[in-house]
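Shown next: my_file-v3.pdb, containing PDB, C-alpha atoms.
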```pdb
ATOM      1  CA  MET A   1     -40.950 -29.351   9.415
ATOM      2  CA  SER A   2     -38.854 -26.268   9.721
ATOM      3  CA  GLU A   3     -37.759 -23.801  12.289
ATOM      4  CA  SER A   4     -37.165 -20.118  11.899
ATOM      5  CA  VAL A   5     -34.764 -17.632  13.346
ATOM      6  CA  SER A   6     -36.133 -14.988  15.652
ATOM      7  CA  THR A   7     -36.104 -11.827  13.535
ATOM      8  CA  PHE A   8     -35.789  -9.578  16.563
ATOM      9  CA  ALA A   9     -32.766 -11.460  17.938
ATOM     10  CA  PHE A  10     -31.096 -11.494  14.546
ATOM     11  CA  ILE A  11     -31.564  -7.748  14.028
ATOM     12  CA  VAL A  12     -30.266  -6.944  17.513
ATOM     13  CA  LEU A  13     -27.173  -9.142  17.070
ATOM     14  CA  ALA A  14     -26.474  -7.924  13.533
ATOM     15  CA  LEU A  15     -26.737  -4.280  14.593
ATOM     16  CA  ALA A  16     -24.511  -4.976  17.595
ATOM     17  CA  SER A  17     -21.798  -6.625  15.521
ATOM     18  CA  ILE A  18     -21.852  -4.097  12.665
ATOM     19  CA  GLY A  19     -22.030  -1.184  15.100
ATOM     20  CA  SER A  20     -19.093  -2.523  17.117
ATOM     21  CA  ALA A  21     -17.074  -3.025  13.930
ATOM     22  CA  VAL A  22     -17.812   0.538  12.790
ATOM     23  CA  MET A  23     -16.866   1.895  16.212
ATOM     24  CA  MET A  24     -13.682  -0.182  16.160
ATOM     25  CA  LEU A  25     -12.672   1.400  12.856
ATOM     26  CA  SER A  26     -13.717   4.925  13.788
ATOM     27  CA  THR A  27     -12.189   5.189  17.247
ATOM     28  CA  ARG A  28      -8.768   6.780  17.399
ATOM     29  CA  ASN A  29      -7.567   4.936  20.475
ATOM     30  CA  VAL A  30      -6.135   1.462  19.833
ATOM     31  CA  VAL A  31      -7.149   0.209  23.291
ATOM     32  CA  HIS A  32     -10.757   1.222  22.659
ATOM     33  CA  ALA A  33     -10.576  -0.529  19.285
ATOM     34  CA  ALA A  34      -9.528  -3.754  21.032
ATOM     35  CA  PHE A  35     -12.575  -3.538  23.297
ATOM     36  CA  TRP A  36     -14.886  -2.911  20.322
ATOM     37  CA  LEU A  37     -13.377  -5.987  18.658
ATOM     38  CA  LEU A  38     -14.371  -7.884  21.808
ATOM     39  CA  GLY A  39     -17.927  -6.600  21.254
ATOM     40  CA  VAL A  40     -17.938  -7.931  17.677
ATOM     41  CA  MET A  41     -16.749 -11.335  18.879
ATOM     42  CA  VAL A  42     -19.415 -11.626  21.589
ATOM     43  CA  ALA A  43     -22.157 -10.603  19.135
ATOM     44  CA  THR A  44     -20.849 -13.248  16.727
ATOM     45  CA  ALA A  45     -21.125 -15.857  19.470
ATOM     46  CA  GLY A  46     -24.785 -14.871  19.779
ATOM     47  CA  ILE A  47     -25.226 -15.333  16.020
ATOM     48  CA  TYR A  48     -23.737 -18.841  16.325
ATOM     49  CA  LEU A  49     -26.310 -19.578  19.026
ATOM     50  CA  LEU A  50     -29.062 -18.472  16.613
ATOM     51  CA  LEU A  51     -27.639 -20.925  14.081
ATOM     52  CA  SER A  52     -27.752 -23.652  16.778
ATOM     53  CA  ALA A  53     -23.985 -24.095  16.842
ATOM     54  CA  GLU A  54     -23.608 -24.143  20.617
ATOM     55  CA  PHE A  55     -20.105 -25.572  20.673
ATOM     56  CA  LEU A  56     -18.833 -22.943  18.246
ATOM     57  CA  ALA A  57     -20.425 -20.174  20.324
ATOM     58  CA  LEU A  58     -18.582 -21.478  23.388
ATOM     59  CA  VAL A  59     -15.280 -21.713  21.496
ATOM     60  CA  GLN A  60     -15.828 -18.228  20.101
ATOM     61  CA  VAL A  61     -16.222 -16.744  23.584
ATOM     62  CA  LEU A  62     -13.268 -18.750  24.952
ATOM     63  CA  VAL A  63     -10.794 -18.224  22.126
ATOM     64  CA  TYR A  64     -11.659 -14.835  20.650
ATOM     65  CA  ALA A  65     -13.292 -12.956  23.498
ATOM     66  CA  GLY A  66     -10.938 -14.534  26.025
ATOM     67  CA  ALA A  67      -7.538 -15.376  24.639
ATOM     68  CA  VAL A  68      -7.217 -13.159  21.560
ATOM     69  CA  ALA A  69      -8.545 -10.021  23.249
ATOM     70  CA  VAL A  70      -6.197 -10.464  26.208
ATOM     71  CA  LEU A  71      -3.257 -11.146  23.869
ATOM     72  CA  VAL A  72      -4.002  -8.024  21.804
ATOM     73  CA  LEU A  73      -4.322  -5.880  24.934
ATOM     74  CA  PHE A  74      -1.021  -7.253  26.289
ATOM     75  CA  VAL A  75       0.817  -6.430  23.064
ATOM     76  CA  ILE A  76      -0.734  -2.947  22.967
ATOM     77  CA  MET A  77       0.445  -2.307  26.499
ATOM     78  CA  ILE A  78       3.942  -3.687  25.816
ATOM     79  CA  THR A  79       4.530  -1.753  22.623
ATOM     80  CA  LEU A  80       2.514   1.473  23.061
ATOM     81  CA  ARG A  81       3.626   2.389  26.532
ATOM     82  CA  ARG A  82       2.704   6.056  26.690
ATOM     83  CA  ARG A  83      -0.882   7.152  26.513
ATOM     84  CA  GLU A  84      -0.186   9.378  23.501
ATOM     85  CA  ASP A  85       1.169   6.413  21.514
ATOM     86  CA  ALA A  86      -2.182   4.662  21.579
ATOM     87  CA  ILE A  87      -4.024   7.679  20.141
ATOM     88  CA  ARG A  88      -3.799   7.634  16.354
ATOM     89  CA  PRO A  89      -4.513  10.461  13.942
ATOM     90  CA  PHE A  90      -7.660  10.064  11.873
ATOM     91  CA  GLU A  91      -6.831   8.000   8.769
ATOM     92  CA  PRO A  92      -9.752   8.041   6.331
ATOM     93  CA  GLY A  93      -7.900   6.325   3.448
ATOM     94  CA  TRP A  94     -10.259   7.077   0.587
ATOM     95  CA  ILE A  95      -8.666   4.564  -1.800
ATOM     96  CA  GLY A  96      -9.122   1.735   0.702
ATOM     97  CA  ALA A  97     -12.698   2.877   1.329
ATOM     98  CA  ALA A  98     -13.383   2.848  -2.419
ATOM     99  CA  ILE A  99     -11.893  -0.642  -2.820
ATOM    100  CA  SER A 100     -13.881  -2.105   0.059
ATOM    101  CA  ALA A 101     -17.072  -0.376  -1.113
ATOM    102  CA  ALA A 102     -16.538  -1.869  -4.575
ATOM    103  CA  PHE A 103     -16.001  -5.263  -2.941
ATOM    104  CA  LEU A 104     -19.216  -4.893  -0.940
ATOM    105  CA  ALA A 105     -21.157  -3.872  -4.059
ATOM    106  CA  SER A 106     -19.878  -6.848  -6.039
ATOM    107  CA  MET A 107     -20.708  -9.150  -3.112
ATOM    108  CA  TYR A 108     -24.197  -7.636  -3.003
ATOM    109  CA  VAL A 109     -24.734  -8.375  -6.698
ATOM    110  CA  ALA A 110     -23.344 -11.898  -6.301
ATOM    111  CA  ILE A 111     -25.520 -12.654  -3.263
ATOM    112  CA  ALA A 112     -28.662 -11.158  -4.807
ATOM    113  CA  ARG A 113     -28.204 -13.063  -8.025
ATOM    114  CA  TYR A 114     -26.652 -16.415  -7.162
ATOM    115  CA  SER A 115     -27.268 -17.173  -3.496
ATOM    116  CA  PRO A 116     -29.766 -20.003  -2.876
ATOM    117  CA  ARG A 117     -33.041 -18.650  -1.506
ATOM    118  CA  VAL A 118     -33.168 -20.834   1.586
ATOM    119  CA  THR A 119     -35.416 -19.325   4.194
ATOM    120  CA  ASP A 120     -36.665 -22.462   5.929
ATOM    121  CA  MET A 121     -34.297 -23.644   8.554
ATOM    122  CA  PRO A 122     -34.173 -27.459   8.566
ATOM    123  CA  ALA A 123     -35.701 -28.699  11.782
ATOM    124  CA  LYS A 124     -33.091 -31.261  12.613
ATOM    125  CA  ALA A 125     -30.053 -29.722  14.206
ATOM    126  CA  PRO A 126     -27.681 -32.231  15.790
ATOM    127  CA  GLY A 127     -26.313 -31.242  19.150
ATOM    128  CA  VAL A 128     -22.869 -31.090  20.665
ATOM    129  CA  GLU A 129     -22.711 -34.875  21.005
ATOM    130  CA  GLU A 130     -23.091 -35.481  17.263
ATOM    131  CA  PHE A 131     -20.638 -32.689  16.581
ATOM    132  CA  GLY A 132     -17.990 -34.239  18.802
ATOM    133  CA  ARG A 133     -18.541 -37.656  17.248
ATOM    134  CA  ALA A 134     -18.099 -36.245  13.731
ATOM    135  CA  LEU A 135     -15.007 -34.309  14.808
ATOM    136  CA  PHE A 136     -13.305 -37.328  16.360
ATOM    137  CA  THR A 137     -14.242 -39.969  13.799
ATOM    138  CA  THR A 138     -14.722 -38.570  10.300
ATOM    139  CA  HIS A 139     -12.403 -35.614  10.719
ATOM    140  CA  LEU A 140      -9.808 -37.128  13.015
ATOM    141  CA  LEU A 141      -6.805 -36.587  10.745
ATOM    142  CA  PRO A 142      -7.486 -32.852  10.148
ATOM    143  CA  PHE A 143      -7.978 -32.515  13.901
ATOM    144  CA  GLU A 144      -4.513 -33.909  14.594
ATOM    145  CA  VAL A 145      -2.997 -31.720  11.874
ATOM    146  CA  ALA A 146      -4.697 -28.715  13.497
ATOM    147  CA  SER A 147      -3.063 -29.522  16.831
ATOM    148  CA  LEU A 148       0.299 -29.752  15.054
ATOM    149  CA  VAL A 149      -0.357 -26.303  13.510
ATOM    150  CA  LEU A 150      -1.039 -24.894  16.974
ATOM    151  CA  LEU A 151       2.154 -26.454  18.337
ATOM    152  CA  VAL A 152       4.259 -24.978  15.539
ATOM    153  CA  ALA A 153       2.602 -21.578  16.034
ATOM    154  CA  LEU A 154       3.306 -21.754  19.779
ATOM    155  CA  VAL A 155       6.992 -22.565  19.324
ATOM    156  CA  GLY A 156       7.376 -20.038  16.511
ATOM    157  CA  SER A 157       5.759 -17.170  18.405
ATOM    158  CA  VAL A 158       7.849 -17.814  21.528
ATOM    159  CA  TRP A 159      10.981 -17.904  19.384
ATOM    160  CA  TRP A 160      10.096 -14.660  17.589
ATOM    161  CA  ALA A 161       8.941 -12.775  20.648
ATOM    162  CA  LYS A 162      12.040 -13.567  22.683
ATOM    163  CA  GLY A 163      14.174 -11.965  19.980
ATOM    164  CA  ALA A 164      15.183 -14.423  17.265
ATOM    165  CA  GLY A 165      18.805 -14.008  16.217
ATOM    166  CA  ASP A 166      19.582 -11.409  18.904
ATOM    167  CA  LYS A 167      22.714 -12.228  20.766
TER     168      LYS A 167
ATOM    169  CA  MET B   1     -39.457 -10.483   7.089
ATOM    170  CA  THR B   2     -38.164 -13.968   7.747
ATOM    171  CA  VAL B   3     -34.491 -14.352   8.428
ATOM    172  CA  GLY B   4     -32.996 -16.815   5.980
ATOM    173  CA  LEU B   5     -29.611 -17.730   4.652
ATOM    174  CA  LEU B   6     -29.502 -14.486   2.644
ATOM    175  CA  GLN B   7     -29.514 -12.250   5.714
ATOM    176  CA  PHE B   8     -26.672 -14.131   7.380
ATOM    177  CA  VAL B   9     -24.569 -14.024   4.203
ATOM    178  CA  ALA B  10     -25.265 -10.300   3.839
ATOM    179  CA  LEU B  11     -24.181  -9.663   7.442
ATOM    180  CA  SER B  12     -21.009 -11.604   6.787
ATOM    181  CA  ALA B  13     -20.295  -9.583   3.624
ATOM    182  CA  VAL B  14     -20.737  -6.288   5.494
ATOM    183  CA  LEU B  15     -18.383  -7.375   8.305
ATOM    184  CA  PHE B  16     -15.812  -8.618   5.773
ATOM    185  CA  SER B  17     -15.882  -5.296   3.885
ATOM    186  CA  LEU B  18     -15.388  -3.354   7.113
ATOM    187  CA  GLY B  19     -12.397  -5.555   7.924
ATOM    188  CA  LEU B  20     -11.017  -5.122   4.399
ATOM    189  CA  TYR B  21     -11.310  -1.337   4.732
ATOM    190  CA  GLY B  22      -9.391  -1.472   8.017
ATOM    191  CA  VAL B  23      -6.647  -3.708   6.628
ATOM    192  CA  LEU B  24      -6.154  -1.418   3.635
ATOM    193  CA  THR B  25      -6.129   1.901   5.474
ATOM    194  CA  ARG B  26      -4.670   1.489   8.977
ATOM    195  CA  LYS B  27      -0.976   2.162   9.516
ATOM    196  CA  GLY B  28      -0.445   0.545  12.910
ATOM    197  CA  THR B  29       0.356  -3.169  12.840
ATOM    198  CA  ILE B  30      -1.920  -4.030  15.773
ATOM    199  CA  MET B  31      -4.957  -2.415  14.137
ATOM    200  CA  VAL B  32      -4.238  -4.325  10.918
ATOM    201  CA  LEU B  33      -4.085  -7.608  12.834
ATOM    202  CA  MET B  34      -7.367  -6.850  14.606
ATOM    203  CA  CYS B  35      -9.026  -6.107  11.253
ATOM    204  CA  LEU B  36      -7.711  -9.437   9.918
ATOM    205  CA  GLU B  37      -9.442 -11.141  12.845
ATOM    206  CA  LEU B  38     -12.645  -9.317  11.904
ATOM    207  CA  MET B  39     -12.403 -10.694   8.355
ATOM    208  CA  ALA B  40     -11.773 -14.254   9.593
ATOM    209  CA  ASN B  41     -14.787 -13.874  11.852
ATOM    210  CA  ALA B  42     -17.004 -12.847   8.919
ATOM    211  CA  VAL B  43     -15.888 -15.918   6.966
ATOM    212  CA  ASN B  44     -16.760 -18.139   9.930
ATOM    213  CA  ILE B  45     -20.292 -16.691  10.113
ATOM    214  CA  ASN B  46     -20.685 -17.593   6.435
ATOM    215  CA  LEU B  47     -19.495 -21.172   7.004
ATOM    216  CA  VAL B  48     -21.782 -21.768   9.976
ATOM    217  CA  ALA B  49     -24.800 -20.240   8.219
ATOM    218  CA  PHE B  50     -24.362 -22.419   5.128
ATOM    219  CA  SER B  51     -23.847 -25.447   7.376
ATOM    220  CA  ARG B  52     -27.100 -24.793   9.254
ATOM    221  CA  PHE B  53     -29.250 -24.102   6.214
ATOM    222  CA  VAL B  54     -27.829 -26.456   3.585
ATOM    223  CA  THR B  55     -26.187 -29.422   5.350
ATOM    224  CA  PRO B  56     -27.652 -29.424   8.871
ATOM    225  CA  VAL B  57     -27.013 -33.103   9.564
ATOM    226  CA  GLU B  58     -23.449 -33.479   8.305
ATOM    227  CA  MET B  59     -22.283 -30.203   9.949
ATOM    228  CA  THR B  60     -19.436 -29.893   7.455
ATOM    229  CA  GLY B  61     -19.404 -26.116   7.700
ATOM    230  CA  GLN B  62     -19.206 -26.155  11.482
ATOM    231  CA  ILE B  63     -16.245 -28.552  11.419
ATOM    232  CA  PHE B  64     -14.567 -26.347   8.824
ATOM    233  CA  ALA B  65     -15.225 -23.293  10.994
ATOM    234  CA  VAL B  66     -13.413 -24.996  13.890
ATOM    235  CA  PHE B  67     -10.314 -25.490  11.746
ATOM    236  CA  SER B  68     -10.601 -21.941  10.437
ATOM    237  CA  MET B  69     -10.631 -20.722  14.060
ATOM    238  CA  VAL B  70      -7.486 -22.771  14.767
ATOM    239  CA  VAL B  71      -5.691 -21.180  11.833
ATOM    240  CA  SER B  72      -6.742 -17.649  12.731
ATOM    241  CA  ALA B  73      -5.708 -18.174  16.368
ATOM    242  CA  ALA B  74      -2.269 -19.317  15.153
ATOM    243  CA  GLU B  75      -2.164 -16.314  12.824
ATOM    244  CA  ILE B  76      -2.903 -13.745  15.528
ATOM    245  CA  GLY B  77      -0.352 -15.365  17.863
ATOM    246  CA  LEU B  78       2.402 -15.317  15.260
ATOM    247  CA  GLY B  79       1.418 -11.822  14.089
ATOM    248  CA  LEU B  80       1.610 -10.366  17.581
ATOM    249  CA  ALA B  81       4.959 -12.111  18.164
ATOM    250  CA  LEU B  82       6.170 -10.461  14.956
ATOM    251  CA  VAL B  83       4.930  -7.092  16.263
ATOM    252  CA  ILE B  84       6.960  -7.604  19.445
ATOM    253  CA  ALA B  85      10.038  -8.593  17.386
ATOM    254  CA  LEU B  86       9.604  -5.434  15.287
ATOM    255  CA  TYR B  87       9.286  -3.361  18.436
ATOM    256  CA  ARG B  88      12.518  -4.819  19.849
ATOM    257  CA  LYS B  89      14.467  -3.901  16.733
ATOM    258  CA  ARG B  90      12.941  -0.539  15.778
ATOM    259  CA  ARG B  91      11.149   0.750  18.900
ATOM    260  CA  THR B  92       8.053   1.350  16.781
ATOM    261  CA  VAL B  93       5.075  -0.653  15.545
ATOM    262  CA  GLU B  94       4.275   1.415  12.456
ATOM    263  CA  LEU B  95       3.998  -0.413   9.147
ATOM    264  CA  GLU B  96       6.346   2.198   7.595
ATOM    265  CA  ALA B  97       9.152   0.727   9.695
ATOM    266  CA  MET B  98       8.969  -2.532   7.721
ATOM    267  CA  GLN B  99      10.419  -1.475   4.382
ATOM    268  CA  GLU B 100      13.558  -3.535   4.048
ATOM    269  CA  LEU B 101      12.191  -5.686   1.228
ATOM    270  CA  LYS B 102      11.014  -2.661  -0.755
ATOM    271  CA  GLY B 103      12.926  -2.466  -4.071
TER     272      GLY B 103
END
```
This entry written out as structure tokens:
Amino acid sequence: MSESVSTFAFIVLALASIGSAVMMLSTRNVVHAAFWLLGVMVATAGIYLLLSAEFLALVQVLVYAGAVAVLVLFVIMITLRRREDAIRPFEPGWIGAAISAAFLASMYVAIARYSPRVTDMPAKAPGVEEFGRALFTTHLLPFEVASLVLLVALVGSVWWAKGAGDK
Amino acid sequence: MTVGLLQFVALSAVLFSLGLYGVLTRKGTIMVLMCLELMANAVNINLVAFSRFVTPVEMTGQIFAVFSMVVSAAEIGLGLALVIALYRKRRTVELEAMQELKG
């Protein structure tokens, strides 16, 4: 027994996420780039749905498309107050392009040569209930450590943003 | 064409390279942070895809992706707080303004 991913849905979502990422890097306005990043995140949530990870898709929309996008837009509007500040000159950066192209080529070789050829999706995909049970029983300690990490990040970012050390 | 693990991993590699290009070339701190989020996102796609195709019952990859999301949310929060701290001191958010540790 196996399932398969809808090819049409996958191609649409992959083109949407790659296209949004390319637009995010090619636009000169930082505010527009933040909205294109939002597009990438929503397309990724769709890809999680294809992989039957419903909880992760929900968290993706809540955390990335909701919280992170709003946070980024707030910081852009606090720090780049005038409209001209948000418009950046075109920065092609050929060395960076060469490095990332070399990285992509090496990844391509590695994937083509060593990746397992799994095309059949296993039929059994546990739902949100099983996921929650695994998260709160097997992985309880990492879960608590993760909440501690978030607490430290919260305190640290408030302390930095209010002007640490300024009298 | 059937969509298998290979296609998801390839998508993730393309998104990661785009993020890497942005991190290496942009000069504004906010753009660099957004590109870092793009890279974290690509890694999460990889984790979830391997989880679905290789260990569908244990869901190890999905659990790991949750923790990875926690860390990248903490990272973007701290990074943006650092951007605001930089803006308070220097009135700019360019990466060139952060050169005090340069030898």
Test item: residues at most 12 Å from Phe53 in chain B, all atoms listed in the file, excluding those fewer than 6 positions along its chain, as a ChimeraX atom specification: /A:2-5,50-53,116-125 /B:3-9,46-47,59-62
For CA of Lys102 in chain B and CA of Leu82 in chain B, the interatomic separation in Å (one decimal): 18.2 Å
Interatomic distance (Å, one decimal) between CA of Val83 in chain B and CA of Met34 in chain B: 12.4 Å
Evaluate the PyMOL selection byres ((chain A and resi 70-82) around 7) and report residues as an MDAnalysis selection string: (chainID A and resid 31 34 66:69 83:86) or (chainID B and resid 80 87)
Selection result for the PyMOL selection byres ((chain A and resi 93-96) around 6) on this file, as a list in words: Glu91, Pro92, Ala97, Ala98 and Ile99 of chain A; Tyr21, Leu24 and Thr25 of chain B
How about completing range 91-127 of chain A with N, CA and C atoms and giving it to me as a compact mmCIF listing (two decimals), in the frame of the given file?
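Heads up, here's the output in part.txt:
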```txt
# COMPACT_ATOMS: atom_id res chain seq x y z
N GLU A 91 -7.35 8.46 10.07
CA GLU A 91 -6.83 8.00 8.77
C GLU A 91 -7.99 7.56 7.90
N PRO A 92 -8.58 8.48 7.10
CA PRO A 92 -9.75 8.04 6.33
C PRO A 92 -9.41 7.06 5.23
N GLY A 93 -8.31 7.28 4.47
CA GLY A 93 -7.90 6.32 3.45
C GLY A 93 -8.95 6.13 2.38
N TRP A 94 -9.14 7.13 1.53
CA TRP A 94 -10.26 7.08 0.59
C TRP A 94 -10.10 5.95 -0.42
N ILE A 95 -8.85 5.63 -0.81
CA ILE A 95 -8.67 4.56 -1.80
C ILE A 95 -9.12 3.23 -1.20
N GLY A 96 -8.70 2.97 0.04
CA GLY A 96 -9.12 1.74 0.70
C GLY A 96 -10.63 1.68 0.86
N ALA A 97 -11.24 2.84 1.19
CA ALA A 97 -12.70 2.88 1.33
C ALA A 97 -13.36 2.55 0.00
N ALA A 98 -12.80 3.10 -1.09
CA ALA A 98 -13.38 2.85 -2.42
C ALA A 98 -13.26 1.37 -2.77
N ILE A 99 -12.08 0.77 -2.47
CA ILE A 99 -11.89 -0.64 -2.82
C ILE A 99 -12.86 -1.51 -2.03
N SER A 100 -13.00 -1.23 -0.71
CA SER A 100 -13.88 -2.10 0.06
C SER A 100 -15.34 -1.86 -0.30
N ALA A 101 -15.70 -0.62 -0.67
CA ALA A 101 -17.07 -0.38 -1.11
C ALA A 101 -17.35 -1.11 -2.42
N ALA A 102 -16.36 -1.13 -3.32
CA ALA A 102 -16.54 -1.87 -4.58
C ALA A 102 -16.68 -3.35 -4.29
N PHE A 103 -15.89 -3.85 -3.32
CA PHE A 103 -16.00 -5.26 -2.94
C PHE A 103 -17.40 -5.57 -2.40
N LEU A 104 -17.89 -4.67 -1.53
CA LEU A 104 -19.22 -4.89 -0.94
C LEU A 104 -20.29 -4.87 -2.02
N ALA A 105 -20.16 -3.95 -2.99
CA ALA A 105 -21.16 -3.87 -4.06
C ALA A 105 -21.14 -5.14 -4.90
N SER A 106 -19.93 -5.63 -5.22
CA SER A 106 -19.88 -6.85 -6.04
C SER A 106 -20.42 -8.04 -5.26
N MET A 107 -20.14 -8.08 -3.95
CA MET A 107 -20.71 -9.15 -3.11
C MET A 107 -22.22 -9.06 -3.09
N TYR A 108 -22.75 -7.81 -3.03
CA TYR A 108 -24.20 -7.64 -3.00
C TYR A 108 -24.82 -8.20 -4.27
N VAL A 109 -24.21 -7.87 -5.42
CA VAL A 109 -24.73 -8.38 -6.70
C VAL A 109 -24.66 -9.90 -6.72
N ALA A 110 -23.51 -10.45 -6.27
CA ALA A 110 -23.34 -11.90 -6.30
C ALA A 110 -24.36 -12.59 -5.40
N ILE A 111 -24.57 -12.03 -4.19
CA ILE A 111 -25.52 -12.65 -3.26
C ILE A 111 -26.93 -12.56 -3.82
N ALA A 112 -27.30 -11.35 -4.32
CA ALA A 112 -28.66 -11.16 -4.81
C ALA A 112 -28.95 -12.05 -6.01
N ARG A 113 -27.94 -12.32 -6.81
CA ARG A 113 -28.20 -13.06 -8.02
C ARG A 113 -28.05 -14.57 -7.85
N TYR A 114 -27.00 -14.99 -7.13
CA TYR A 114 -26.65 -16.42 -7.16
C TYR A 114 -26.89 -17.16 -5.86
N SER A 115 -27.13 -16.46 -4.76
CA SER A 115 -27.27 -17.17 -3.50
C SER A 115 -28.56 -17.99 -3.49
N PRO A 116 -28.53 -19.23 -2.95
CA PRO A 116 -29.77 -20.00 -2.88
C PRO A 116 -30.75 -19.35 -1.91
N ARG A 117 -32.02 -19.30 -2.33
CA ARG A 117 -33.04 -18.65 -1.51
C ARG A 117 -33.55 -19.62 -0.45
N VAL A 118 -32.73 -19.93 0.54
CA VAL A 118 -33.17 -20.83 1.59
C VAL A 118 -33.65 -19.99 2.74
N THR A 119 -34.93 -20.05 3.03
CA THR A 119 -35.42 -19.32 4.19
C THR A 119 -35.89 -20.27 5.28
N ASP A 120 -36.24 -21.50 4.91
CA ASP A 120 -36.66 -22.46 5.93
C ASP A 120 -35.44 -23.09 6.55
N MET A 121 -35.39 -23.01 7.86
CA MET A 121 -34.30 -23.64 8.55
C MET A 121 -34.67 -25.11 8.75
N PRO A 122 -33.84 -26.06 8.35
CA PRO A 122 -34.17 -27.46 8.57
C PRO A 122 -34.36 -27.73 10.06
N ALA A 123 -35.34 -28.53 10.37
CA ALA A 123 -35.70 -28.70 11.78
C ALA A 123 -34.64 -29.44 12.54
N LYS A 124 -34.02 -30.41 11.87
CA LYS A 124 -33.09 -31.26 12.61
C LYS A 124 -31.75 -30.58 12.74
N ALA A 125 -31.37 -30.29 13.96
CA ALA A 125 -30.05 -29.72 14.21
C ALA A 125 -29.36 -30.59 15.23
N PRO A 126 -28.35 -31.35 14.84
CA PRO A 126 -27.68 -32.23 15.79
C PRO A 126 -26.98 -31.42 16.87
N GLY A 127 -26.87 -31.98 18.03
CA GLY A 127 -26.31 -31.24 19.15
C GLY A 127 -24.81 -31.41 19.24
```
